$ cat my_file-v6.pdb   # PDB, C-alpha atoms
ATOM      1  CA  GLY A   1      52.262  87.429 137.208  1.00  0.00           C
ATOM      2  CA  GLU A   2      49.184  88.357 135.231  1.00  0.00           C
ATOM      3  CA  ASN A   3      48.857  91.958 134.030  1.00  0.00           C
ATOM      4  CA  VAL A   4      45.450  93.188 132.908  1.00  0.00           C
ATOM      5  CA  GLU A   5      45.049  96.491 131.100  1.00  0.00           C
ATOM      6  CA  GLN A   6      41.646  98.113 130.675  1.00  0.00           C
ATOM      7  CA  HIS A   7      40.483 100.936 128.408  1.00  0.00           C
ATOM      8  CA  PRO A   8      39.002 103.457 128.469  1.00  0.00           C
ATOM      9  CA  SER A   9      39.232 104.718 132.028  1.00  0.00           C
ATOM     10  CA  THR A  10      36.067 106.777 131.600  1.00  0.00           C
ATOM     11  CA  LEU A  11      33.197 106.420 129.166  1.00  0.00           C
ATOM     12  CA  SER A  12      30.206 108.687 128.723  1.00  0.00           C
ATOM     13  CA  VAL A  13      27.350 107.532 126.494  1.00  0.00           C
ATOM     14  CA  GLN A  14      23.906 108.745 125.630  1.00  0.00           C
ATOM     15  CA  GLU A  15      21.059 106.654 126.976  1.00  0.00           C
ATOM     16  CA  GLY A  16      20.174 104.008 124.418  1.00  0.00           C
ATOM     17  CA  ASP A  17      23.621 103.926 122.849  1.00  0.00           C
ATOM     18  CA  SER A  18      26.132 101.104 123.234  1.00  0.00           C
ATOM     19  CA  ALA A  19      29.172 101.006 125.492  1.00  0.00           C
ATOM     20  CA  VAL A  20      32.305  98.970 124.826  1.00  0.00           C
ATOM     21  CA  ILE A  21      35.133  98.335 127.263  1.00  0.00           C
ATOM     22  CA  LYS A  22      38.300  96.525 126.239  1.00  0.00           C
ATOM     23  CA  CYS A  23      40.864  94.566 128.238  1.00  0.00           C
ATOM     24  CA  THR A  24      44.102  92.819 127.429  1.00  0.00           C
ATOM     25  CA  TYR A  25      45.922  90.235 129.500  1.00  0.00           C
ATOM     26  CA  SER A  26      49.483  88.991 129.534  1.00  0.00           C
ATOM     27  CA  ASP A  27      49.417  85.399 130.797  1.00  0.00           C
ATOM     28  CA  SER A  28      48.412  82.980 128.064  1.00  0.00           C
ATOM     29  CA  ALA A  29      47.534  80.434 130.768  1.00  0.00           C
ATOM     30  CA  SER A  30      44.601  82.574 131.944  1.00  0.00           C
ATOM     31  CA  ASN A  31      41.336  80.873 131.095  1.00  0.00           C
ATOM     32  CA  TYR A  32      38.637  82.656 133.091  1.00  0.00           C
ATOM     33  CA  PHE A  33      37.559  86.244 132.409  1.00  0.00           C
ATOM     34  CA  PRO A  34      34.829  87.766 134.589  1.00  0.00           C
ATOM     35  CA  TRP A  35      33.404  91.271 134.440  1.00  0.00           C
ATOM     36  CA  TYR A  36      32.250  93.096 137.553  1.00  0.00           C
ATOM     37  CA  LYS A  37      30.064  96.137 138.106  1.00  0.00           C
ATOM     38  CA  GLN A  38      30.759  98.194 141.207  1.00  0.00           C
ATOM     39  CA  GLU A  39      28.653 101.046 142.479  1.00  0.00           C
ATOM     40  CA  LEU A  40      30.166 103.594 144.816  1.00  0.00           C
ATOM     41  CA  GLY A  41      30.980 102.088 148.191  1.00  0.00           C
ATOM     42  CA  LYS A  42      29.505  98.722 147.283  1.00  0.00           C
ATOM     43  CA  ARG A  43      30.861  95.273 146.568  1.00  0.00           C
ATOM     44  CA  PRO A  44      31.764  94.201 143.011  1.00  0.00           C
ATOM     45  CA  GLN A  45      28.934  92.304 141.370  1.00  0.00           C
ATOM     46  CA  LEU A  46      29.640  89.671 138.740  1.00  0.00           C
ATOM     47  CA  ILE A  47      27.676  90.586 135.611  1.00  0.00           C
ATOM     48  CA  ILE A  48      29.051  88.145 133.078  1.00  0.00           C
ATOM     49  CA  ASP A  49      32.021  85.863 132.595  1.00  0.00           C
ATOM     50  CA  ILE A  50      33.615  83.865 129.827  1.00  0.00           C
ATOM     51  CA  ARG A  51      35.983  80.938 129.729  1.00  0.00           C
ATOM     52  CA  SER A  52      38.700  80.333 127.199  1.00  0.00           C
ATOM     53  CA  ASN A  53      36.846  77.579 125.384  1.00  0.00           C
ATOM     54  CA  VAL A  54      34.203  80.082 124.242  1.00  0.00           C
ATOM     55  CA  GLY A  55      34.587  83.077 121.928  1.00  0.00           C
ATOM     56  CA  GLU A  56      31.434  84.975 122.816  1.00  0.00           C
ATOM     57  CA  LYS A  57      28.733  84.974 125.466  1.00  0.00           C
ATOM     58  CA  LYS A  58      25.580  87.042 125.720  1.00  0.00           C
ATOM     59  CA  ASP A  59      23.123  87.746 128.501  1.00  0.00           C
ATOM     60  CA  GLN A  60      20.317  90.104 127.490  1.00  0.00           C
ATOM     61  CA  ARG A  61      21.923  93.539 126.918  1.00  0.00           C
ATOM     62  CA  ILE A  62      25.394  92.423 127.946  1.00  0.00           C
ATOM     63  CA  ALA A  63      27.868  90.480 125.848  1.00  0.00           C
ATOM     64  CA  VAL A  64      31.498  89.547 126.183  1.00  0.00           C
ATOM     65  CA  THR A  65      33.910  88.515 123.444  1.00  0.00           C
ATOM     66  CA  LEU A  66      37.267  86.803 123.833  1.00  0.00           C
ATOM     67  CA  ASN A  67      40.175  86.610 121.424  1.00  0.00           C
ATOM     68  CA  LYS A  68      42.676  84.163 122.893  1.00  0.00           C
ATOM     69  CA  THR A  69      45.214  84.655 120.133  1.00  0.00           C
ATOM     70  CA  ALA A  70      45.395  88.390 120.697  1.00  0.00           C
ATOM     71  CA  LYS A  71      44.828  88.004 124.448  1.00  0.00           C
ATOM     72  CA  HIS A  72      42.060  90.509 124.657  1.00  0.00           C
ATOM     73  CA  PHE A  73      38.429  90.486 125.693  1.00  0.00           C
ATOM     74  CA  SER A  74      35.673  93.072 125.567  1.00  0.00           C
ATOM     75  CA  LEU A  75      32.430  93.942 127.301  1.00  0.00           C
ATOM     76  CA  HIS A  76      29.540  95.245 125.212  1.00  0.00           C
ATOM     77  CA  ILE A  77      26.485  96.881 126.760  1.00  0.00           C
ATOM     78  CA  THR A  78      23.673  97.679 124.341  1.00  0.00           C
ATOM     79  CA  GLU A  79      20.696 100.000 124.833  1.00  0.00           C
ATOM     80  CA  THR A  80      22.343 101.595 127.846  1.00  0.00           C
ATOM     81  CA  GLN A  81      20.178 102.863 130.690  1.00  0.00           C
ATOM     82  CA  PRO A  82      20.962 105.299 133.536  1.00  0.00           C
ATOM     83  CA  GLU A  83      21.190 102.385 135.973  1.00  0.00           C
ATOM     84  CA  ASP A  84      24.128 101.051 133.967  1.00  0.00           C
ATOM     85  CA  SER A  85      26.194 103.964 135.313  1.00  0.00           C
ATOM     86  CA  ALA A  86      28.907 102.448 137.539  1.00  0.00           C
ATOM     87  CA  VAL A  87      32.534 101.381 137.522  1.00  0.00           C
ATOM     88  CA  TYR A  88      33.207  98.231 135.529  1.00  0.00           C
ATOM     89  CA  PHE A  89      36.206  95.987 136.122  1.00  0.00           C
ATOM     90  CA  CYS A  90      37.519  93.207 133.952  1.00  0.00           C
ATOM     91  CA  ALA A  91      39.600  90.441 135.489  1.00  0.00           C
ATOM     92  CA  ALA A  92      41.587  87.426 134.423  1.00  0.00           C
ATOM     93  CA  SER A  93      42.604  84.293 136.240  1.00  0.00           C
ATOM     94  CA  ILE A  94      43.663  80.723 135.829  1.00  0.00           C
ATOM     95  CA  SER A  95      40.660  78.535 136.644  1.00  0.00           C
ATOM     96  CA  ASP A  96      38.894  81.167 138.799  1.00  0.00           C
ATOM     97  CA  TYR A  97      41.830  81.408 141.167  1.00  0.00           C
ATOM     98  CA  LYS A  98      43.540  84.683 142.132  1.00  0.00           C
ATOM     99  CA  LEU A  99      41.772  87.267 140.048  1.00  0.00           C
ATOM    100  CA  SER A 100      43.888  90.022 138.509  1.00  0.00           C
ATOM    101  CA  PHE A 101      41.760  93.116 137.950  1.00  0.00           C
ATOM    102  CA  GLY A 102      41.947  95.822 135.347  1.00  0.00           C
ATOM    103  CA  ALA A 103      42.075  99.456 136.457  1.00  0.00           C
ATOM    104  CA  GLY A 104      38.363  99.976 135.937  1.00  0.00           C
ATOM    105  CA  THR A 105      36.141 102.015 133.630  1.00  0.00           C
ATOM    106  CA  THR A 106      33.751 104.624 134.969  1.00  0.00           C
ATOM    107  CA  VAL A 107      30.663 104.507 132.778  1.00  0.00           C
ATOM    108  CA  THR A 108      28.223 107.405 132.807  1.00  0.00           C
ATOM    109  CA  VAL A 109      24.958 107.073 130.924  1.00  0.00           C
ATOM    110  CA  ARG A 110      23.477 110.479 130.087  1.00  0.00           C
ATOM    111  CA  ALA A 111      19.712 110.663 130.143  1.00  0.00           C
TER     112      ALA A 111
ATOM    113  CA  GLY B   1      24.224  83.372 144.638  1.00  0.00           C
ATOM    114  CA  ALA B   2      26.143  82.692 147.825  1.00  0.00           C
ATOM    115  CA  VAL B   3      26.221  85.334 150.582  1.00  0.00           C
ATOM    116  CA  VAL B   4      29.354  86.767 152.147  1.00  0.00           C
ATOM    117  CA  SER B   5      29.216  89.279 154.992  1.00  0.00           C
ATOM    118  CA  GLN B   6      31.828  91.565 156.484  1.00  0.00           C
ATOM    119  CA  HIS B   7      31.965  93.251 159.849  1.00  0.00           C
ATOM    120  CA  PRO B   8      32.294  96.065 160.575  1.00  0.00           C
ATOM    121  CA  SER B   9      31.142  97.984 157.518  1.00  0.00           C
ATOM    122  CA  ARG B  10      32.942 101.109 158.696  1.00  0.00           C
ATOM    123  CA  VAL B  11      35.609 101.701 161.311  1.00  0.00           C
ATOM    124  CA  ILE B  12      37.490 104.770 162.418  1.00  0.00           C
ATOM    125  CA  CYS B  13      40.519 104.309 164.621  1.00  0.00           C
ATOM    126  CA  LYS B  14      43.468 106.214 165.949  1.00  0.00           C
ATOM    127  CA  SER B  15      46.931 105.815 164.514  1.00  0.00           C
ATOM    128  CA  GLY B  16      48.839 103.016 166.228  1.00  0.00           C
ATOM    129  CA  THR B  17      45.850 100.888 167.134  1.00  0.00           C
ATOM    130  CA  SER B  18      44.877  97.533 165.638  1.00  0.00           C
ATOM    131  CA  VAL B  19      41.673  96.789 163.796  1.00  0.00           C
ATOM    132  CA  LYS B  20      40.088  93.405 163.112  1.00  0.00           C
ATOM    133  CA  ILE B  21      37.790  92.820 160.131  1.00  0.00           C
ATOM    134  CA  GLU B  22      35.677  89.680 159.872  1.00  0.00           C
ATOM    135  CA  CYS B  23      34.593  87.952 156.681  1.00  0.00           C
ATOM    136  CA  ARG B  24      31.928  85.267 156.856  1.00  0.00           C
ATOM    137  CA  SER B  25      30.400  82.953 154.297  1.00  0.00           C
ATOM    138  CA  LEU B  26      26.788  82.639 155.435  1.00  0.00           C
ATOM    139  CA  ASP B  27      25.394  79.792 153.376  1.00  0.00           C
ATOM    140  CA  PHE B  28      28.352  77.808 152.134  1.00  0.00           C
ATOM    141  CA  GLN B  29      31.683  76.519 153.331  1.00  0.00           C
ATOM    142  CA  ALA B  30      34.554  78.587 152.009  1.00  0.00           C
ATOM    143  CA  THR B  31      37.769  76.663 151.699  1.00  0.00           C
ATOM    144  CA  THR B  32      39.456  79.700 150.179  1.00  0.00           C
ATOM    145  CA  MET B  33      39.094  83.364 151.056  1.00  0.00           C
ATOM    146  CA  PHE B  34      40.767  86.329 149.435  1.00  0.00           C
ATOM    147  CA  TRP B  35      41.459  89.783 150.882  1.00  0.00           C
ATOM    148  CA  TYR B  36      41.593  92.839 148.646  1.00  0.00           C
ATOM    149  CA  ARG B  37      42.340  96.487 149.260  1.00  0.00           C
ATOM    150  CA  GLN B  38      40.840  99.248 147.156  1.00  0.00           C
ATOM    151  CA  PHE B  39      41.977 102.869 147.360  1.00  0.00           C
ATOM    152  CA  PRO B  40      39.607 105.596 146.135  1.00  0.00           C
ATOM    153  CA  LYS B  41      39.017 105.473 142.394  1.00  0.00           C
ATOM    154  CA  GLN B  42      41.408 102.577 142.008  1.00  0.00           C
ATOM    155  CA  SER B  43      41.143  98.898 141.264  1.00  0.00           C
ATOM    156  CA  LEU B  44      41.003  95.973 143.663  1.00  0.00           C
ATOM    157  CA  MET B  45      44.450  94.800 144.656  1.00  0.00           C
ATOM    158  CA  LEU B  46      44.796  91.290 146.030  1.00  0.00           C
ATOM    159  CA  MET B  47      46.535  91.311 149.387  1.00  0.00           C
ATOM    160  CA  ALA B  48      46.484  87.652 150.352  1.00  0.00           C
ATOM    161  CA  THR B  49      44.854  84.295 149.851  1.00  0.00           C
ATOM    162  CA  SER B  50      43.892  82.144 152.794  1.00  0.00           C
ATOM    163  CA  ASN B  51      42.928  78.501 152.899  1.00  0.00           C
ATOM    164  CA  GLU B  52      41.131  77.087 155.895  1.00  0.00           C
ATOM    165  CA  GLY B  53      43.534  75.691 158.439  1.00  0.00           C
ATOM    166  CA  SER B  54      46.733  76.877 156.785  1.00  0.00           C
ATOM    167  CA  LYS B  55      48.827  80.007 156.640  1.00  0.00           C
ATOM    168  CA  ALA B  56      47.843  82.771 154.281  1.00  0.00           C
ATOM    169  CA  THR B  57      49.786  83.430 151.097  1.00  0.00           C
ATOM    170  CA  TYR B  58      50.610  87.109 150.756  1.00  0.00           C
ATOM    171  CA  GLU B  59      51.105  89.015 147.530  1.00  0.00           C
ATOM    172  CA  GLN B  60      54.395  90.710 146.861  1.00  0.00           C
ATOM    173  CA  GLY B  61      54.743  93.942 148.778  1.00  0.00           C
ATOM    174  CA  VAL B  62      52.130  93.122 151.425  1.00  0.00           C
ATOM    175  CA  GLU B  63      53.599  92.933 154.929  1.00  0.00           C
ATOM    176  CA  LYS B  64      52.414  89.741 156.583  1.00  0.00           C
ATOM    177  CA  ASP B  65      53.299  91.030 160.059  1.00  0.00           C
ATOM    178  CA  LYS B  66      51.169  94.116 159.547  1.00  0.00           C
ATOM    179  CA  PHE B  67      48.174  92.422 157.938  1.00  0.00           C
ATOM    180  CA  LEU B  68      47.453  89.327 159.986  1.00  0.00           C
ATOM    181  CA  ILE B  69      45.078  86.860 158.378  1.00  0.00           C
ATOM    182  CA  ASN B  70      43.424  83.968 160.144  1.00  0.00           C
ATOM    183  CA  HIS B  71      41.142  81.443 158.445  1.00  0.00           C
ATOM    184  CA  ALA B  72      40.236  79.296 161.408  1.00  0.00           C
ATOM    185  CA  SER B  73      37.017  77.809 160.090  1.00  0.00           C
ATOM    186  CA  LEU B  74      35.260  77.123 156.805  1.00  0.00           C
ATOM    187  CA  THR B  75      32.989  80.127 157.324  1.00  0.00           C
ATOM    188  CA  LEU B  76      35.215  82.761 158.903  1.00  0.00           C
ATOM    189  CA  SER B  77      38.381  84.609 157.978  1.00  0.00           C
ATOM    190  CA  THR B  78      39.736  87.642 159.799  1.00  0.00           C
ATOM    191  CA  LEU B  79      42.093  90.393 158.732  1.00  0.00           C
ATOM    192  CA  THR B  80      43.822  92.357 161.485  1.00  0.00           C
ATOM    193  CA  VAL B  81      45.539  95.590 160.548  1.00  0.00           C
ATOM    194  CA  THR B  82      48.171  96.051 163.237  1.00  0.00           C
ATOM    195  CA  SER B  83      49.568  99.423 164.273  1.00  0.00           C
ATOM    196  CA  ALA B  84      47.391 101.156 161.732  1.00  0.00           C
ATOM    197  CA  HIS B  85      48.555 104.381 160.100  1.00  0.00           C
ATOM    198  CA  PRO B  86      46.677 106.936 157.981  1.00  0.00           C
ATOM    199  CA  GLU B  87      48.096 105.400 154.793  1.00  0.00           C
ATOM    200  CA  ASP B  88      46.269 102.160 155.686  1.00  0.00           C
ATOM    201  CA  SER B  89      42.961 103.962 155.249  1.00  0.00           C
ATOM    202  CA  SER B  90      41.200 102.132 152.465  1.00  0.00           C
ATOM    203  CA  PHE B  91      38.266  99.941 151.479  1.00  0.00           C
ATOM    204  CA  TYR B  92      38.977  96.332 152.408  1.00  0.00           C
ATOM    205  CA  ILE B  93      36.962  93.656 150.600  1.00  0.00           C
ATOM    206  CA  CYS B  94      37.010  89.927 151.123  1.00  0.00           C
ATOM    207  CA  SER B  95      35.791  87.224 148.800  1.00  0.00           C
ATOM    208  CA  ALA B  96      35.115  83.565 149.406  1.00  0.00           C
ATOM    209  CA  SER B  97      34.876  80.482 147.260  1.00  0.00           C
ATOM    210  CA  ALA B  98      33.821  76.942 147.954  1.00  0.00           C
ATOM    211  CA  SER B  99      37.018  75.615 146.438  1.00  0.00           C
ATOM    212  CA  VAL B 100      40.135  76.968 144.822  1.00  0.00           C
ATOM    213  CA  TYR B 101      38.596  76.759 141.361  1.00  0.00           C
ATOM    214  CA  ASN B 102      35.090  78.042 142.076  1.00  0.00           C
ATOM    215  CA  GLU B 103      33.523  81.471 141.595  1.00  0.00           C
ATOM    216  CA  GLN B 104      34.461  84.075 144.183  1.00  0.00           C
ATOM    217  CA  PHE B 105      31.657  85.811 146.077  1.00  0.00           C
ATOM    218  CA  PHE B 106      32.482  89.230 147.429  1.00  0.00           C
ATOM    219  CA  GLY B 107      31.679  90.713 150.796  1.00  0.00           C
ATOM    220  CA  PRO B 108      30.239  94.248 151.075  1.00  0.00           C
ATOM    221  CA  GLY B 109      33.562  95.733 152.129  1.00  0.00           C
ATOM    222  CA  THR B 110      34.880  97.561 155.189  1.00  0.00           C
ATOM    223  CA  ARG B 111      35.777 101.230 155.049  1.00  0.00           C
ATOM    224  CA  LEU B 112      38.776 101.819 157.332  1.00  0.00           C
ATOM    225  CA  THR B 113      39.740 105.350 158.293  1.00  0.00           C
ATOM    226  CA  VAL B 114      42.857 105.850 160.401  1.00  0.00           C
ATOM    227  CA  LEU B 115      43.142 109.254 162.035  1.00  0.00           C
TER     228      LEU B 115
END
$ encode --input "my_file-v6.pdb" --output "structure tokens"
Amino acid sequence: GENVEQHPSTLSVQEGDSAVIKCTYSDSASNYFPWYKQELGKRPQLIIDIRSNVGEKKDQRIAVTLNKTAKHFSLHITETQPEDSAVYFCAASISDYKLSFGAGTTVTVRA
Amino acid sequence: GAVVSQHPSRVICKSGTSVKIECRSLDFQATTMFWYRQFPKQSLMLMATSNEGSKATYEQGVEKDKFLINHASLTLSTLTVTSAHPEDSSFYICSASASVYNEQFFGPGTRLTVL
């Protein structure tokens, strides 16, 4: 089955700086890569996703890049704000079905 | 986006009892629902996938006789934890999608504590 690895496990950044989280996946058939933000005790919220026919996608301060050859994808958050503090999960799946999640990254934005 | 609810949000039960958790899609018909378990400070682990009107497909290592899943309608799936033990204490989250290949929408989760 799919194995998704995520790094780093924790990330502390100064407000206004950028944050980058990286994930790798094992199944070359995976073609859908969503990113979720989860606050303590809450449901995961989809913040951005990318499909294998695209190399990069941006939505305001958030961007995701995908390298299919290397089987890795990254989340970039620019101009971080305190409300960006949360746990972020990457995931991979084949056509949106059966998501395999990374271990998560706890992001802390220092004011 | 679509709305998925879960009930109850929190439950505390004694060891040996059974607990039922409901997952509902409020504004769309969910042909597929997924059940996840999340231990503190860990990732979401898929337990099983259920399609309306058919038996659930369980992930390796998940006991189907302990975690009973029923997806009787296009808007409701239930997870019953039978003979619960303290090690079953966890955050259980469901998700629902309109078809096998559509975006999953997550419920708010159910915090289960087994004493």
$ closest_residue --input "my_file-v6.pdb" --among "B:Val4, B:Cys13, B:Ala56, B:Ala30" --to "Ala98 (chain B)" --atoms "all atoms listed in the file"
B:Ala30
$ closest_atom_pairs --input "my_file-v6.pdb" --of "chain A" --to "chain B" --cutoff "9 Å" --atoms "only C-alpha atoms" --output "JSON lines"
{"residue": "A:Gly41", "atom": "CA", "partner": "B:Gly109", "partner_atom": "CA", "distance": 7.9}
{"residue": "A:Lys42", "atom": "CA", "partner": "B:Pro108", "partner_atom": "CA", "distance": 5.9}
{"residue": "A:Arg43", "atom": "CA", "partner": "B:Pro108", "partner_atom": "CA", "distance": 4.7}
{"residue": "A:Pro44", "atom": "CA", "partner": "B:Phe106", "partner_atom": "CA", "distance": 6.7}
{"residue": "A:Gln45", "atom": "CA", "partner": "B:Phe106", "partner_atom": "CA", "distance": 7.7}
{"residue": "A:Leu46", "atom": "CA", "partner": "B:Phe105", "partner_atom": "CA", "distance": 8.5}
{"residue": "A:Phe89", "atom": "CA", "partner": "B:Ser43", "partner_atom": "CA", "distance": 7.7}
{"residue": "A:Ile94", "atom": "CA", "partner": "B:Tyr101", "partner_atom": "CA", "distance": 8.5}
{"residue": "A:Ser95", "atom": "CA", "partner": "B:Tyr101", "partner_atom": "CA", "distance": 5.4}
{"residue": "A:Asp96", "atom": "CA", "partner": "B:Tyr101", "partner_atom": "CA", "distance": 5.1}
{"residue": "A:Tyr97", "atom": "CA", "partner": "B:Tyr101", "partner_atom": "CA", "distance": 5.7}
{"residue": "A:Lys98", "atom": "CA", "partner": "B:Leu46", "partner_atom": "CA", "distance": 7.8}
{"residue": "A:Leu99", "atom": "CA", "partner": "B:Leu46", "partner_atom": "CA", "distance": 7.8}
{"residue": "A:Ser100", "atom": "CA", "partner": "B:Leu46", "partner_atom": "CA", "distance": 7.7}
{"residue": "A:Phe101", "atom": "CA", "partner": "B:Leu44", "partner_atom": "CA", "distance": 6.4}
{"residue": "A:Gly102", "atom": "CA", "partner": "B:Ser43", "partner_atom": "CA", "distance": 6.7}
{"residue": "A:Ala103", "atom": "CA", "partner": "B:Ser43", "partner_atom": "CA", "distance": 4.9}
{"residue": "A:Gly104", "atom": "CA", "partner": "B:Ser43", "partner_atom": "CA", "distance": 6.1}
$ resolve_selection --input "my_file-v6.pdb" --expression "the PyMOL selection byres ((chain A and resi 20-27) around 9)" --output "MDAnalysis selection string"
chainID A and resid 1:9 11 18:19 28:30 70:78 88 90:94 102 105
$ atom_distance --input "my_file-v6.pdb" --atom1 "CA of Ser18 (chain B)" --atom2 "CA of Ala84 (chain B)"
5.9 Å
$ residues_around --input "my_file-v6.pdb" --residues "Ile50 (chain A)" --least-positions-apart "3" --cutoff "9 Å" --atoms "all atoms listed in the file" --output "PyMOL selection string"
chain A and resi 31-35+53-57+64-66
$ atom_distance --input "my_file-v6.pdb" --atom1 "CA of Leu112 (chain B)" --atom2 "CA of Phe28 (chain B)"
26.7 Å
$ atom_distance --input "my_file-v6.pdb" --atom1 "CA of Gln29 (chain B)" --atom2 "CA of Ile47 (chain A)"
23.0 Å
$ residues_around --input "my_file-v6.pdb" --residues "Leu76 (chain B)" --least-positions-apart "6" --cutoff "10 Å" --atoms "all atoms listed in the file" --output "ChimeraX atom specification"
/B:4-6,22-26,29-31,33,52,70,96
$ resolve_selection --input "my_file-v6.pdb" --expression "the PyMOL selection byres ((chain A and resi 87) around 9)" --output "PyMOL selection string"
chain A and resi 10+36-40+85-86+88-89+104-108
$ resolve_selection --input "my_file-v6.pdb" --expression "the PyMOL selection byres ((chain A and resi 111) around 12)" --output "compact mmCIF listing (two decimals) with C-alpha atoms, in the coordinates of the input"
# COMPACT_ATOMS: atom_id res chain seq x y z
CA SER A 12 30.21 108.69 128.72
CA VAL A 13 27.35 107.53 126.49
CA GLN A 14 23.91 108.74 125.63
CA GLU A 15 21.06 106.65 126.98
CA GLY A 16 20.17 104.01 124.42
CA ASP A 17 23.62 103.93 122.85
CA GLU A 79 20.70 100.00 124.83
CA THR A 80 22.34 101.60 127.85
CA GLN A 81 20.18 102.86 130.69
CA PRO A 82 20.96 105.30 133.54
CA GLU A 83 21.19 102.38 135.97
CA ASP A 84 24.13 101.05 133.97
CA SER A 85 26.19 103.96 135.31
CA THR A 108 28.22 107.40 132.81
CA VAL A 109 24.96 107.07 130.92
CA ARG A 110 23.48 110.48 130.09
